[in-house]
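Pasted below: query-v5.txt, compact mmCIF, C-alpha atoms.
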```
# COMPACT_ATOMS: atom_id res chain seq x y z
CA MET A 15 26.89 75.98 6.18
CA ASN A 16 23.28 77.10 6.47
CA SER A 17 21.28 74.70 8.59
CA ARG A 18 17.68 75.10 9.61
CA TYR A 19 16.20 73.31 12.51
CA VAL A 20 13.40 73.60 14.98
CA ASN A 21 14.19 73.55 18.65
CA ILE A 22 12.44 70.64 20.27
CA ASP A 23 10.61 71.59 23.44
CA ASN A 24 11.46 69.71 26.61
CA ASN A 25 8.15 67.84 26.70
CA THR A 26 8.65 66.51 23.15
CA LEU A 27 12.25 65.61 23.89
CA SER A 28 11.18 63.80 27.06
CA ASN A 29 8.53 61.86 25.11
CA LEU A 30 11.03 60.93 22.42
CA GLN A 31 13.50 59.66 24.98
CA TYR A 32 10.82 57.69 26.82
CA TYR A 33 8.90 56.20 23.88
CA MET A 34 11.57 55.69 21.22
CA PRO A 35 12.21 51.94 20.97
CA GLU A 36 15.74 50.69 21.53
CA SER A 37 17.89 50.33 18.42
CA GLU A 38 17.79 46.53 18.66
CA THR A 39 13.99 46.57 18.75
CA LEU A 40 13.90 48.84 15.71
CA ARG A 41 16.33 46.53 13.88
CA GLN A 42 14.11 43.54 14.66
CA LEU A 43 11.07 45.50 13.47
CA ALA A 44 12.84 46.34 10.19
CA ASP A 45 13.79 42.67 9.78
CA THR A 46 10.21 41.61 10.47
CA PHE A 47 8.81 44.05 7.91
CA SER A 48 11.28 42.67 5.38
CA ILE A 49 9.26 39.44 5.19
CA PHE A 50 6.46 41.50 3.65
CA SER A 51 8.72 43.04 0.99
CA ASP A 52 8.58 40.13 -1.44
CA LEU A 53 5.58 39.35 -3.65
CA THR A 54 6.10 35.58 -3.42
CA ARG A 55 6.21 35.68 0.39
CA LEU A 56 3.06 37.82 0.44
CA LYS A 57 1.30 35.29 -1.76
CA ILE A 58 2.40 32.44 0.50
CA LEU A 59 1.25 34.26 3.63
CA SER A 60 -2.06 35.20 2.01
CA ALA A 61 -2.72 31.60 1.01
CA LEU A 62 -1.78 30.28 4.45
CA ALA A 63 -4.01 32.89 6.09
CA LEU A 64 -6.92 31.07 4.47
CA SER A 65 -5.84 27.46 4.86
CA GLU A 66 -2.92 25.33 5.89
CA MET A 67 -1.29 23.79 2.85
CA CYS A 68 1.49 21.42 1.85
CA VAL A 69 4.36 22.47 -0.43
CA ASN A 70 2.90 20.65 -3.43
CA ASP A 71 -0.47 22.42 -3.14
CA LEU A 72 1.14 25.81 -2.50
CA SER A 73 3.46 25.33 -5.46
CA ARG A 74 0.60 24.45 -7.80
CA TYR A 75 -1.77 27.13 -6.55
CA LEU A 76 0.83 29.93 -6.61
CA ASN A 77 2.44 28.62 -9.81
CA ILE A 78 5.99 28.70 -8.43
CA ASN A 79 8.55 25.93 -8.43
CA GLN A 80 9.11 23.97 -5.25
CA THR A 81 12.72 25.11 -4.90
CA THR A 82 11.71 28.78 -4.80
CA LEU A 83 8.80 27.97 -2.52
CA SER A 84 10.98 25.99 -0.11
CA HIS A 85 13.49 28.85 0.05
CA GLN A 86 10.75 31.37 0.85
CA LEU A 87 9.13 29.06 3.41
CA ARG A 88 12.49 28.65 5.14
CA LEU A 89 12.84 32.45 5.40
CA LEU A 90 9.31 32.75 6.74
CA LYS A 91 9.96 29.99 9.27
CA ASN A 92 13.07 31.81 10.50
CA PHE A 93 10.83 34.75 11.42
CA ASN A 94 8.18 32.46 12.93
CA ALA A 95 5.75 33.75 10.30
CA VAL A 96 4.89 30.17 9.32
CA THR A 97 5.01 26.86 11.11
CA ASP A 98 4.97 23.35 9.82
CA ARG A 99 3.76 20.00 11.04
CA ARG A 100 4.08 16.55 9.63
CA ILE A 101 1.04 14.46 8.74
CA GLY A 102 2.47 11.10 7.76
CA LYS A 103 4.87 11.84 4.91
CA VAL A 104 3.41 15.26 4.13
CA VAL A 105 4.57 18.54 5.72
CA VAL A 106 1.74 21.03 6.13
CA TYR A 107 2.39 24.76 6.58
CA SER A 108 0.26 27.34 8.35
CA LEU A 109 0.64 30.88 9.65
CA GLY A 110 2.88 30.93 12.68
CA ASN A 111 0.92 33.68 14.33
CA ASN A 112 -2.44 35.32 13.61
CA LYS A 113 -0.79 38.71 14.01
CA ILE A 114 0.83 38.12 10.61
CA ASN A 115 -2.64 38.18 9.07
CA ASP A 116 -3.47 41.32 11.10
CA ILE A 117 -0.38 43.09 9.74
CA MET A 118 -1.29 42.16 6.17
CA SER A 119 -4.94 43.21 6.68
CA ASN A 120 -3.84 46.55 8.14
CA GLY A 121 -1.53 47.03 5.15
CA VAL A 122 -4.39 46.42 2.73
CA ASP A 123 -6.62 48.81 4.71
CA TYR A 124 -3.87 51.43 4.52
CA ILE A 125 -3.48 50.99 0.75
CA LEU A 126 -7.21 51.08 0.05
CA GLY A 127 -7.66 54.07 2.34
```
Here is the file; what I need is its structure written in the form of structure tokens.
Amino acid sequence: MNSRYVNIDNNTLSNLQYYMPESETLRQLADTFSIFSDLTRLKILSALALSEMCVNDLSRYLNINQTTLSHQLRLLKNFNAVTDRRIGKVVVYSLGNNKINDIMSNGVDYILG
């Protein structure tokens, strides 16, 4: 078998060992990025970055049925990407953390160069 490789110098190896996140951290990072891998979730997060909204308003604005929306909101809640609060009989959703908006903004900046 013909294999080519570059010998890593000790300084690079030391940096890799020191700075490489633990496998569990990398798994959590991959899971977190998965919330951004669905167009519907991105639309929900984009809308909530601008204003908190109830399911009915989100459903109408995004033109998706409430069942699909509720499923996606549940996934986003599991990652703490969105939070909800009750106002009387209405549940209002908002971004769970402003860093979610930062991640999306950085992604757009990356795409637009």
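Distance annotation: of A:Arg55, A:Gln86, A:Gln80, A:Gly102, the residue with the minimal separation from A:Ile114 is A:Arg55; atom set is all atoms listed in the file.
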- Task: Select, from A:Ser73, A:Thr82, A:Asn92, A:Ser60, the residue with the minimum atom-to-atom distance to A:Leu109, counting only C-alpha atoms.
- Result: A:Ser60
- Message: Quick one: residues within 6 Å of A:Val106, all atoms listed in the file, excluding same-chain residues fewer than 2 positions away - as a PyMOL selection string?
- Response: chain A and resi 67-68+98-99
Nearby residues (only C-alpha atoms) at most 6 Å from A:Val96, same-chain spacing under 3 positions excluded, as a PDB file with C-alpha atoms, keeping the file's coordinate frame:
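selection_16.pdb written:
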```pdb
ATOM      1  CA  LEU A  90       9.310  32.750   6.740  1.00  0.00           C
ATOM      2  CA  LYS A  91       9.960  29.990   9.270  1.00  0.00           C
ATOM      3  CA  SER A 108       0.260  27.340   8.350  1.00  0.00           C
ATOM      4  CA  LEU A 109       0.640  30.880   9.650  1.00  0.00           C
ATOM      5  CA  GLY A 110       2.880  30.930  12.680  1.00  0.00           C
TER       6      GLY A 110
END
```
Compile the contact shell of A:Asn79 as a tab-separated table (two decimals) with C-alpha atoms, keeping the file's coordinate frame: residues with an atom at most 10 Å away, counting all atoms listed in the file, same-chain residues fewer than 5 positions apart removed.
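The resulting file, out.tsv, is reproduced below:
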```tsv
chain	number	residue	atom	x	y	z
A	69	VAL	CA	4.36	22.47	-0.43
A	70	ASN	CA	2.90	20.65	-3.43
A	72	LEU	CA	1.14	25.81	-2.50
A	73	SER	CA	3.46	25.33	-5.46
A	74	ARG	CA	0.60	24.45	-7.80
A	84	SER	CA	10.98	25.99	-0.11
```
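Proximity to A:Tyr107 was assessed for A:Glu66, A:Glu38, A:Asp71, A:Asp23 counting all atoms listed in the file; the smallest distance is recorded for A:Glu66.
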- Message: Quick check, in Å to one decimal: how far apart do atom CA of A:Asn115 and atom CA of A:Leu64 lie?
- Response: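 Result for atom CA of A:Asn115 versus atom CA of A:Leu64: 9.5 Å, one decimal.
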